[in-house]
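These notes are about the structure you will find just below.
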Amino acid sequence: MGAKYSCQIVAGLLAAHGVRRVVLSPGSRNAPLIRAVRERRELKTLNVIDERSAAFVALGMAQVSREPVAVVCTSGTALLNYGPAVAEAYYQRVPLIVVSADRPAQWIDQDDSQTIRQPGALGNIVKFSCNLPDFSDPQGEMAWYARRQVNDALLAALEPAQGPVHINVQLGEPLTEEWPQLPELNIIRELRGEAVLPRERIRRLAREIADSRVMIVAGFMPPSDRMSRAVDKLSALPNVTVLAESMANLHGSRIFHCVDRMLTLVDDADERLRPQVVISVGGALVSRHLKAYLRGCRGLQHWSVGMNEISADVFKHLSLRVKMEPAEFLSALADALVHEEIESSYAADWRALLPADEVRHQRMVESAPWSSLKAFSLFWPEIPVRTNVQLSNGTCVRYAQLFHNPEVHACYCNRGVSGIDGCTSTAVGAAEVYHPGKTLLITGDMSFAYDLNALQIKETGALKIIVINNGGGGIFRFIRSTRNLPEREENFCVNPGVDIPGVAALNGYSLFRAGSEAELLSALPEFFGSREKALLEIVVDPEPDAEAITEYFRKNCN
């Protein structure tokens with residue numbers, strides 16, 4: 001075969017469409033792709049050997065930078081190892097660009113080494129996929145086809161409803177050869193008009209809900225001053241209350257940030273607190289309590305706002321889909337509602353819960369034994385200003401719902417599909433691109449054990465890691481489905497038994513350990529103050545740990 005023009009097309013168009021970072025994993029079949037990427041000065045590369053980790057690293061980069069990031073792998077099972085991160089990117093709506101090298105089509109299913117059916121392998125979890133043939137004529141139809149397909153893939157990834165795409169590149173022998181200059185790229189651009197409702201239509205919607213009890217519910221979103229301002233406008237209205245999870249990354253004095261805490265005080269039968277209209281923005285919610293509460297509200301109207309292709313009917317009351325940027329819609333709705341005569345005590349009724357919430361929370365935390373709950377209450381307020389927090393799935397993301405620190409820059413967690421795989425790798429990627437402050441990963445010992453390869457990546461910035469070591473999957477000790485099973489410890493909690501100090505030493509992390517309240521308070525200043533990467537292991541006894549969180553949610557345990 002001739003020169004690998006397809007590789008030059010892919011690399012050139014990545015740069016032309018605004019991709020600045022590419023995560024590479026070594027291989028022979030993808031050697032021409034790696035070479036083409038490395039020759040583009042606009043593209044900054046990071047080498048990650050393990051493809052499972054590489055894709056999550058790219059995901060973390062894209063989450064924080066708000067820019068598309070590409071991952072490049074060799075042929076065979078390497079592509080399948082991207083699957084979990086690509087699925088997460090799909091449901092988080094993150095523009096992850098998957099580029100996989102492949103054998104030519106005639107060699108698939110012919111017992112040739114390292115070959116599988118790669119085209120369409122990620123079909124259910126990408127927005128677009130294409131399969132580029134190998135070709136040698138840079139002016140022929142195959143070159144034109146390749147340019148068009150790569151342009152289409154990148155435009156699909158960057159649409160208002162963003163998401164991952166897959167570019168599969170067939171490459172025949174020889175893989176190393178003369179490298180003539182590609183004569184033409186043919187960049188396709190796209191002009192998009194903003195989806196904006198007419199002002200009169202928004203005024204009609206405002207009139208519809210002016211006499212209603214309105215609740216804004218916010219799931220995971222990247223931080224946005226524009227979004228915070230829009231929500232702040234709405235939260236000032238007497239008939240509006242705002243419940244925002246930690247990962248909604250909203251700032252405002254009238255926002256209820258600790259959703260699960262508040263719901264422990266809410267009587268499901270109290271009509272004054274029940275919303276009549278719920279407006280949801282952002283991604284999937286962590287709180288099972290909130291979902292259960294809203295599903296039980298009879299006659300509820302649910303407005304889902306966003307550029308998503310599908311609006312989830314998570315509360316079973318979906319009545320209106322608003323396909324518009326949430327900040328734009330909420331700001332316009334607030335402006336329209338200001339002109340309505342609204343008489344309501346709804347916001348005041350919710351705010352009346354705050355004193356009791358604070359008293360109850362402090363009482364529960366102070367009376368708790370040494371546990372994850374106690375540890376969170378001590379370290380969460382001490383997280384330094386401008387820190388990006390990455391949370392693992394399981395108990396860590398749920399504990400974070402109970403505390404609020406306005407100095408935290410943003411909270412992230414892989415809640416698209418909520419797996420424990422890749423949490424550390426995602427944090428490593430985030431640390432690579434976030435430089436205004438520190439990146440802090442808070443994880444459990446099981447999630448930490450699942451993704452140890454991530455710690456071998458050399459370029460991790462000043463990553464800080466807190467590992468809650470509670471002897472395995474602590475969540476299984478308090479959720480209803482597993483907490484009373486006789487097989488719980490052996491088959492569900494499964495203590496990984498990782499030598500955390502040994503792992504820290506092996507990977508160049510300064511180690512801090514705390515097995516009591518006094519030890520934690522002593523370790524925090526140096527742990528957070530150090531400029532080097534550091535790991536803090538917090539050791540708690542499993543049984544009191546589960547009892548503490550169960551008692552906290554005694555009213556309505558998960």
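A note on labels: chains of the structure tokens are A, B, ... as shown, every chain counts residues from 1, and ligands are counted from 1 in their shown order.
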Could you list, as number ranges by chain, every residue within 6 Å of range 299-303 of chain A, counting only C-alpha atoms and ignoring same-chain residues fewer than 2 positions away?
A: 276-279, 297, 317-321
Which residues are close to Arg274 in chain A, i.e. within 12 Å by only C-alpha atoms, leaving aside same-chain residues fewer than 3 positions away? Reply as a count of residues only.
30
Hey, what does DSSP flag as helix (DSSP H, G or I) within range 63-303 of chain A? Can you give it to me as JSON, numbers by chain?
{"A": [63, 64, 65, 77, 78, 79, 80, 83, 84, 85, 86, 87, 88, 89, 90, 91, 92, 105, 106, 107, 123, 124, 125, 141, 142, 143, 144, 145, 146, 147, 148, 149, 150, 151, 152, 153, 154, 155, 156, 157, 199, 200, 201, 202, 203, 204, 205, 206, 207, 208, 209, 225, 226, 227, 228, 229, 230, 231, 232, 233, 234, 235, 246, 247, 248, 259, 260, 261, 262, 263, 288, 289, 290, 291, 292, 293, 294, 295]}
Could you give me, as an MDAnalysis selection string, each residue of range 40-252 of chain A that DSSP assigns to strand (DSSP E) when run on this structure's backbone?
chainID A and resid 44:47 69:73 96:102 128:132 165:170 214:218 240:244
May I have the residues from that selection written out with N, CA and C atoms, as a CSV table (one decimal), in the first residue's frame?
chain,number,residue,atom,x,y,z
A,44,LYS,N,-1.1,18.3,21.6
A,44,LYS,CA,-0.3,17.8,22.7
A,44,LYS,C,-0.6,16.4,23.1
A,45,THR,N,0.4,15.6,23.2
A,45,THR,CA,0.1,14.1,23.5
A,45,THR,C,0.5,13.7,24.9
A,46,LEU,N,-0.2,12.7,25.3
A,46,LEU,CA,0.1,12.0,26.6
A,46,LEU,C,0.1,10.5,26.3
A,47,ASN,N,1.1,9.8,26.8
A,47,ASN,CA,1.2,8.3,26.6
A,47,ASN,C,0.6,7.6,27.8
A,69,VAL,N,-11.3,15.9,23.2
A,69,VAL,CA,-10.0,15.2,23.4
A,69,VAL,C,-10.0,13.9,22.6
A,70,ALA,N,-8.9,13.5,22.0
A,70,ALA,CA,-8.9,12.3,21.2
A,70,ALA,C,-8.1,11.2,21.9
A,71,VAL,N,-8.4,9.9,21.6
A,71,VAL,CA,-7.7,8.8,22.1
A,71,VAL,C,-7.4,7.9,20.9
A,72,VAL,N,-6.1,7.4,20.8
A,72,VAL,CA,-5.7,6.6,19.7
A,72,VAL,C,-5.1,5.3,20.1
A,73,CYS,N,-5.7,4.2,19.6
A,73,CYS,CA,-5.3,2.9,20.0
A,73,CYS,C,-4.9,2.0,18.8
A,96,LEU,N,-15.6,13.0,23.2
A,96,LEU,CA,-14.4,12.1,23.2
A,96,LEU,C,-14.3,11.6,21.8
A,97,ILE,N,-13.1,11.7,21.2
A,97,ILE,CA,-12.9,11.3,19.8
A,97,ILE,C,-12.0,10.0,19.8
A,98,VAL,N,-12.7,8.9,19.5
A,98,VAL,CA,-12.0,7.6,19.5
A,98,VAL,C,-11.4,7.4,18.1
A,99,VAL,N,-10.1,7.1,18.0
A,99,VAL,CA,-9.5,6.8,16.7
A,99,VAL,C,-8.8,5.4,16.9
A,100,SER,N,-9.2,4.4,16.2
A,100,SER,CA,-8.7,3.1,16.3
A,100,SER,C,-8.0,2.7,15.0
A,101,ALA,N,-6.8,2.1,15.1
A,101,ALA,CA,-6.2,1.5,13.9
A,101,ALA,C,-6.8,0.1,13.7
A,102,ASP,N,-6.8,-0.4,12.4
A,102,ASP,CA,-7.5,-1.6,12.1
A,102,ASP,C,-6.7,-2.3,11.0
A,128,PHE,N,-21.6,8.9,16.3
A,128,PHE,CA,-21.3,8.7,14.9
A,128,PHE,C,-20.1,7.8,14.8
A,129,SER,N,-20.1,7.0,13.8
A,129,SER,CA,-18.9,6.1,13.6
A,129,SER,C,-18.6,6.0,12.1
A,130,CYS,N,-17.4,5.9,11.7
A,130,CYS,CA,-17.0,5.8,10.3
A,130,CYS,C,-15.8,4.8,10.2
A,131,ASN,N,-15.7,4.2,9.0
A,131,ASN,CA,-14.6,3.2,8.8
A,131,ASN,C,-13.9,3.6,7.5
A,132,LEU,N,-12.6,4.1,7.7
A,132,LEU,CA,-11.8,4.6,6.6
A,132,LEU,C,-11.0,3.5,6.0
A,165,VAL,N,-17.5,10.1,19.4
A,165,VAL,CA,-17.5,9.5,18.1
A,165,VAL,C,-16.4,8.5,17.9
A,166,HIS,N,-16.5,7.7,16.8
A,166,HIS,CA,-15.5,6.6,16.6
A,166,HIS,C,-15.1,6.7,15.1
A,167,ILE,N,-13.7,6.9,14.9
A,167,ILE,CA,-13.1,6.9,13.6
A,167,ILE,C,-12.2,5.6,13.5
A,168,ASN,N,-12.6,4.6,12.7
A,168,ASN,CA,-11.8,3.4,12.6
A,168,ASN,C,-11.0,3.5,11.3
A,169,VAL,N,-9.7,3.3,11.4
A,169,VAL,CA,-8.8,3.5,10.2
A,169,VAL,C,-8.1,2.2,9.8
A,170,GLN,N,-8.5,1.7,8.6
A,170,GLN,CA,-7.8,0.5,8.1
A,170,GLN,C,-6.4,0.8,7.6
A,214,VAL,N,-42.9,25.9,42.2
A,214,VAL,CA,-41.9,25.5,41.2
A,214,VAL,C,-40.6,25.1,41.8
A,215,MET,N,-40.2,23.9,41.5
A,215,MET,CA,-38.9,23.4,42.0
A,215,MET,C,-37.9,23.3,40.8
A,216,ILE,N,-36.7,23.9,40.9
A,216,ILE,CA,-35.7,23.6,39.9
A,216,ILE,C,-34.8,22.5,40.5
A,217,VAL,N,-34.6,21.5,39.7
A,217,VAL,CA,-33.7,20.4,40.1
A,217,VAL,C,-32.5,20.3,39.2
A,218,ALA,N,-31.3,20.3,39.7
A,218,ALA,CA,-30.1,20.4,38.9
A,218,ALA,C,-29.2,19.2,39.2
A,240,VAL,N,-40.4,29.8,43.9
A,240,VAL,CA,-39.4,29.0,43.3
A,240,VAL,C,-38.4,28.5,44.4
A,241,THR,N,-38.1,27.2,44.4
A,241,THR,CA,-37.0,26.7,45.2
A,241,THR,C,-36.1,25.9,44.3
A,242,VAL,N,-34.8,25.9,44.7
A,242,VAL,CA,-33.8,25.3,43.8
A,242,VAL,C,-33.0,24.2,44.6
A,243,LEU,N,-33.1,23.0,44.1
A,243,LEU,CA,-32.3,21.9,44.7
A,243,LEU,C,-31.2,21.5,43.8
A,244,ALA,N,-30.0,21.7,44.1
A,244,ALA,CA,-28.8,21.4,43.2
A,244,ALA,C,-27.9,20.4,43.9
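Using only C-alpha atoms for every distance, the candidate list A:Arg117, A:Ile9, A:Ile310, A:Val305 yields A:Ile9 as the residue closest to Met142 in chain A.
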Which residues are near range 455-468 of chain A? Cut-off 6 Å, only C-alpha atoms, ignore same chain within fewer than 6 positions. Put them as a short mmCIF file (atom, residue, chain, number, x, y, z; two decimals) with C-alpha atoms, in the first residue's frame.
data_model
loop_
_atom_site.label_atom_id
_atom_site.label_comp_id
_atom_site.auth_asym_id
_atom_site.auth_seq_id
_atom_site.Cartn_x
_atom_site.Cartn_y
_atom_site.Cartn_z
CA VAL A 428 -5.46 11.97 36.46
CA ALA A 431 -5.26 17.09 36.91
CA GLU A 432 -3.39 17.26 33.62
CA THR A 439 -7.25 18.39 41.80
CA LEU A 440 -8.49 16.18 44.65
CA LEU A 441 -9.76 12.63 44.13
CA ILE A 442 -11.91 11.21 46.93
CA THR A 443 -12.31 7.48 46.47
CA GLY A 444 -13.03 4.25 48.30
CA ASP A 445 -10.61 1.37 48.67
CA GLU A 532 3.57 17.51 45.45
CA LYS A 533 1.23 14.67 44.66
CA ALA A 534 0.05 13.07 47.89
CA LEU A 535 -2.20 10.27 49.14
CA LEU A 536 -4.15 10.29 52.41
CA GLU A 537 -5.46 6.92 53.62
CA ILE A 538 -8.35 7.22 56.06
#
Pick from A:Val359, A:Cys258, A:Ser75, A:Gly473: nearest to Arg488 in chain A, with only C-alpha atoms counted?
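Smallest separation from Arg488 in chain A among the options: A:Gly473.
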For Cys411 in chain A, please output as JSON, numbers by chain all residues within 9 Å (counting only C-alpha atoms; exclusion window: fewer than 5 positions along the same chain).
{"A": [220, 222, 223, 246, 247, 248, 249, 387, 388, 389, 390, 391]}
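Across the model, the gap from CA of Glu184 in chain A to CA of His17 in chain A is 15.2 Å.
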Find, counting only C-alpha atoms, the residue in A:Met446, A:Leu155, A:Ala518, A:Ile475 that gets nearest to Pro496 in chain A.
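Looking only at the distances to Pro496 in chain A, the closest residue turns out to be A:Met446.
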